[in-house]
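A.B. asks: Handing over my_file35.pdb, PDB, C-alpha atoms, pLDDT in the B column.
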```pdb
ATOM      1  CA  MET A   1     204.589 319.551-231.297  1.00 50.00           C
ATOM      2  CA  ALA A   2     201.758 321.521-229.722  1.00 54.00           C
ATOM      3  CA  THR A   3     201.906 322.640-226.134  1.00 56.00           C
ATOM      4  CA  THR A   4     198.829 322.627-223.988  1.00 59.00           C
ATOM      5  CA  MET A   5     198.178 325.251-221.374  1.00 56.00           C
ATOM      6  CA  THR A   6     196.839 324.085-218.068  1.00 61.00           C
ATOM      7  CA  PRO A   7     194.336 326.449-216.502  1.00 63.00           C
ATOM      8  CA  LEU A   8     195.239 328.171-213.262  1.00 57.00           C
ATOM      9  CA  GLN A   9     194.076 326.280-210.230  1.00 65.00           C
ATOM     10  CA  PRO A  10     192.214 328.375-207.637  1.00 63.00           C
ATOM     11  CA  GLY A  11     194.089 328.911-204.394  1.00 67.00           C
ATOM     12  CA  THR A  12     197.535 328.415-205.901  1.00 70.00           C
ATOM     13  CA  GLU A  13     200.440 330.829-205.949  1.00 71.00           C
ATOM     14  CA  ALA A  14     200.194 331.094-209.741  1.00 74.00           C
ATOM     15  CA  ALA A  15     196.512 332.026-209.525  1.00 74.00           C
ATOM     16  CA  ALA A  16     197.193 334.612-206.806  1.00 72.00           C
ATOM     17  CA  GLN A  17     200.034 336.168-208.809  1.00 74.00           C
ATOM     18  CA  ALA A  18     197.873 336.269-211.947  1.00 76.00           C
ATOM     19  CA  ALA A  19     195.083 337.921-209.932  1.00 74.00           C
ATOM     20  CA  ALA A  20     197.475 340.567-208.593  1.00 73.00           C
ATOM     21  CA  PHE A  21     198.633 341.499-212.085  1.00 73.00           C
ATOM     22  CA  ALA A  22     195.088 341.380-213.508  1.00 73.00           C
ATOM     23  CA  ILE A  23     193.788 343.744-210.830  1.00 69.00           C
ATOM     24  CA  PHE A  24     196.736 346.060-210.270  1.00 71.00           C
ATOM     25  CA  GLY A  25     198.637 345.697-213.550  1.00 70.00           C
ATOM     26  CA  SER A  26     202.309 346.509-213.310  1.00 69.00           C
ATOM     27  CA  ASP A  27     201.548 349.198-210.719  1.00 68.00           C
ATOM     28  CA  ILE A  28     202.143 346.995-207.688  1.00 70.00           C
ATOM     29  CA  PRO A  29     203.589 349.017-204.828  1.00 68.00           C
ATOM     30  CA  PRO A  30     206.681 347.790-203.008  1.00 68.00           C
ATOM     31  CA  ILE A  31     205.817 345.429-200.181  1.00 69.00           C
ATOM     32  CA  GLY A  32     207.942 345.408-197.057  1.00 69.00           C
ATOM     33  CA  PRO A  33     209.486 342.107-195.971  1.00 66.00           C
ATOM     34  CA  GLU A  34     207.395 342.176-192.796  1.00 70.00           C
ATOM     35  CA  ASP A  35     204.225 342.095-194.953  1.00 66.00           C
ATOM     36  CA  TYR A  36     205.370 339.516-197.484  1.00 67.00           C
ATOM     37  CA  SER A  37     205.855 335.933-196.417  1.00 69.00           C
ATOM     38  CA  GLY A  38     206.877 334.764-199.872  1.00 69.00           C
ATOM     39  CA  SER A  39     203.261 334.135-200.833  1.00 72.00           C
ATOM     40  CA  TRP A  40     201.197 336.106-203.313  1.00 70.00           C
ATOM     41  CA  ARG A  41     198.074 334.745-201.639  1.00 67.00           C
ATOM     42  CA  THR A  42     198.862 336.527-198.384  1.00 68.00           C
ATOM     43  CA  ALA A  43     200.197 339.643-200.128  1.00 72.00           C
ATOM     44  CA  LEU A  44     197.071 340.578-202.124  1.00 73.00           C
ATOM     45  CA  HIS A  45     195.408 342.347-199.187  1.00 72.00           C
ATOM     46  CA  VAL A  46     198.663 344.181-198.416  1.00 75.00           C
ATOM     47  CA  ILE A  47     198.805 345.457-202.003  1.00 75.00           C
ATOM     48  CA  ALA A  48     195.209 346.692-201.774  1.00 73.00           C
ATOM     49  CA  GLU A  49     195.903 348.419-198.448  1.00 76.00           C
ATOM     50  CA  GLU A  50     198.977 350.107-199.945  1.00 75.00           C
ATOM     51  CA  TRP A  51     196.905 351.351-202.869  1.00 71.00           C
ATOM     52  CA  VAL A  52     194.346 352.887-200.518  1.00 73.00           C
ATOM     53  CA  GLY A  53     196.993 354.279-198.165  1.00 74.00           C
ATOM     54  CA  GLU A  54     198.903 355.928-201.008  1.00 75.00           C
ATOM     55  CA  GLY A  55     195.749 357.449-202.464  1.00 80.00           C
ATOM     56  CA  ARG A  56     196.054 355.478-205.691  1.00 79.00           C
ATOM     57  CA  PHE A  57     192.324 354.783-205.859  1.00 82.00           C
ATOM     58  CA  GLU A  58     191.633 358.507-205.648  1.00 87.00           C
ATOM     59  CA  GLN A  59     194.328 359.235-208.232  1.00 88.00           C
ATOM     60  CA  HIS A  60     192.874 356.643-210.591  1.00 87.00           C
ATOM     61  CA  ALA A  61     189.369 358.076-210.185  1.00 91.00           C
ATOM     62  CA  ALA A  62     190.673 361.597-210.916  1.00 92.00           C
ATOM     63  CA  ARG A  63     192.687 360.414-213.940  1.00 91.00           C
ATOM     64  CA  THR A  64     189.657 358.546-215.304  1.00 93.00           C
ATOM     65  CA  ALA A  65     187.355 361.557-214.735  1.00 94.00           C
ATOM     66  CA  THR A  66     189.742 363.748-216.736  1.00 94.00           C
ATOM     67  CA  ALA A  67     189.922 361.184-219.550  1.00 93.00           C
ATOM     68  CA  LEU A  68     186.120 360.924-219.608  1.00 93.00           C
ATOM     69  CA  ASN A  69     185.784 364.708-219.906  1.00 94.00           C
ATOM     70  CA  GLU A  70     188.223 364.663-222.817  1.00 94.00           C
ATOM     71  CA  LEU A  71     186.180 361.901-224.486  1.00 92.00           C
ATOM     72  CA  PHE A  72     182.921 363.809-223.989  1.00 93.00           C
ATOM     73  CA  ALA A  73     184.508 366.935-225.521  1.00 93.00           C
ATOM     74  CA  MET A  74     185.739 364.864-228.468  1.00 92.00           C
ATOM     75  CA  GLN A  75     182.254 363.369-228.939  1.00 92.00           C
ATOM     76  CA  GLU A  76     180.764 366.855-228.887  1.00 92.00           C
ATOM     77  CA  ARG A  77     183.314 368.130-231.397  1.00 92.00           C
ATOM     78  CA  TYR A  78     183.357 365.199-233.853  1.00 93.00           C
ATOM     79  CA  GLY A  79     180.136 363.295-233.063  1.00 92.00           C
ATOM     80  CA  VAL A  80     179.506 360.277-230.885  1.00 89.00           C
ATOM     81  CA  GLY A  81     180.055 357.688-233.641  1.00 90.00           C
ATOM     82  CA  SER A  82     183.025 359.436-235.259  1.00 92.00           C
ATOM     83  CA  PRO A  83     186.294 357.524-235.746  1.00 92.00           C
ATOM     84  CA  GLU A  84     188.005 359.973-233.356  1.00 91.00           C
ATOM     85  CA  ALA A  85     185.441 359.413-230.601  1.00 90.00           C
ATOM     86  CA  LEU A  86     185.477 355.639-231.100  1.00 91.00           C
ATOM     87  CA  ALA A  87     189.268 355.596-230.862  1.00 91.00           C
ATOM     88  CA  GLY A  88     189.088 357.756-227.732  1.00 90.00           C
ATOM     89  CA  GLY A  89     186.561 355.378-226.189  1.00 91.00           C
ATOM     90  CA  SER A  90     188.773 352.384-226.962  1.00 91.00           C
ATOM     91  CA  ALA A  91     191.767 354.096-225.384  1.00 88.00           C
ATOM     92  CA  LEU A  92     189.684 354.821-222.283  1.00 90.00           C
ATOM     93  CA  GLN A  93     188.556 351.195-221.825  1.00 89.00           C
ATOM     94  CA  PRO A  94     191.523 350.051-219.662  1.00 86.00           C
ATOM     95  CA  LEU A  95     190.849 352.913-217.212  1.00 88.00           C
ATOM     96  CA  ILE A  96     187.163 351.973-217.034  1.00 89.00           C
ATOM     97  CA  ASP A  97     188.028 348.299-216.529  1.00 86.00           C
ATOM     98  CA  ARG A  98     190.302 349.183-213.637  1.00 83.00           C
ATOM     99  CA  CYS A  99     187.514 351.318-212.116  1.00 87.00           C
ATOM    100  CA  ARG A 100     185.302 348.235-212.189  1.00 85.00           C
ATOM    101  CA  HIS A 101     188.001 346.176-210.456  1.00 79.00           C
ATOM    102  CA  PHE A 102     188.331 348.776-207.716  1.00 79.00           C
ATOM    103  CA  GLY A 103     184.622 349.464-207.311  1.00 82.00           C
ATOM    104  CA  ILE A 104     184.942 353.096-208.412  1.00 88.00           C
ATOM    105  CA  THR A 105     181.406 354.249-209.226  1.00 91.00           C
ATOM    106  CA  THR A 106     179.928 356.895-211.502  1.00 92.00           C
ATOM    107  CA  ALA A 107     179.295 358.989-208.380  1.00 93.00           C
ATOM    108  CA  ASP A 108     183.001 358.705-207.466  1.00 92.00           C
ATOM    109  CA  LEU A 109     183.975 359.842-210.961  1.00 93.00           C
ATOM    110  CA  ALA A 110     181.524 362.758-210.796  1.00 94.00           C
ATOM    111  CA  ARG A 111     182.995 363.724-207.406  1.00 94.00           C
ATOM    112  CA  HIS A 112     186.394 363.872-209.138  1.00 94.00           C
ATOM    113  CA  GLY A 113     185.082 366.202-211.844  1.00 94.00           C
ATOM    114  CA  ALA A 114     183.661 363.952-214.566  1.00 93.00           C
ATOM    115  CA  ARG A 115     180.920 365.906-216.323  1.00 93.00           C
ATOM    116  CA  PHE A 116     178.548 363.275-217.656  1.00 90.00           C
ATOM    117  CA  PRO A 117     176.284 364.427-220.490  1.00 83.00           C
ATOM    118  CA  GLU A 118     172.624 364.899-219.646  1.00 80.00           C
ATOM    119  CA  SER A 119     170.516 361.931-220.707  1.00 61.00           C
TER     120      SER A 119
END
```
Please render this file's structure as structure tokens.
C.D. replies:
Amino acid sequence: MATTMTPLQPGTEAAAQAAAFAIFGSDIPPIGPEDYSGSWRTALHVIAEEWVGEGRFEQHAARTATALNELFAMQERYGVGSPEALAGGSALQPLIDRCRHFGITTADLARHGARFPES
């Protein structure tokens, strides 16, 4: 017997919880009882504020900049289309995706030390 999956309905607790895990992954900071009313919908902004307050956005930008520099060095050493560079790029993709979620820009990454190759 096949089971059918119902899509998440916008504005529901399930959708809010799925959004929290899609954006923040398993790295959701602890939320104090005064900030959590039992609803993921009201807790999303608290999670984002905690991330900013704890410097996690800055840490993520710095971690991504370091990983980018390692990828660029690997591309220089082995070639841009080499299996090593392609594997490195694939491994870097989750960090880049999270940058997009957080609105971390190329300028932010450069400010944290990413040395982008000259075009």
A.B. asks: Taking the file as I've supplied it (selection: the PyMOL selection byres ((chain A and resi 114) around 12)), which residues are included? Please answer as a ChimeraX atom specification.
C.D. replies: /A:61-73,105-113,115-117
A.B. asks: Could you please determine the separation between atom CA of Gly55 of chain A and atom CA of Phe24 of chain A in Å, to one decimal place?
C.D. replies: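 Atom-to-atom, atom CA of Gly55 of chain A and atom CA of Phe24 of chain A are spaced 13.8 Å apart.
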A.B. asks: Run the PyMOL selection byres ((chain A and resi 88) around 12) on the file and write out the hits as a VMD selection string.
C.D. replies: chain A and resid 67 to 75 78 to 87 89 to 95
A.B. asks: Atom CA of Val52 of chain A to atom CA of Ser39 of chain A: how many Å, to one decimal?
C.D. replies: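 Value for the atom CA of Val52 of chain A-atom CA of Ser39 of chain A distance: 20.8 Å.
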A.B. asks: I'd like to know which of A:Ala19, A:His60, A:Glu13, A:Glu49 is closest to Arg98 of chain A, using all atoms listed in the file.
C.D. replies: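 Checking each candidate against Arg98 of chain A, we get A:His60 as the closest.
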A.B. asks: Measure the distance from atom CA of Gly103 of chain A to atom CA of Arg56 of chain A in Å and round it to one decimal.
C.D. replies: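 Answer for the atom CA of Gly103 of chain A to atom CA of Arg56 of chain A separation: 13.0 Å.
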A.B. asks: Looking at A:Glu76, A:Glu50, A:Glu58, A:Glu118, which one is nearest to Cys99 of chain A, with distances taken over all atoms listed in the file?
C.D. replies: A:Glu58
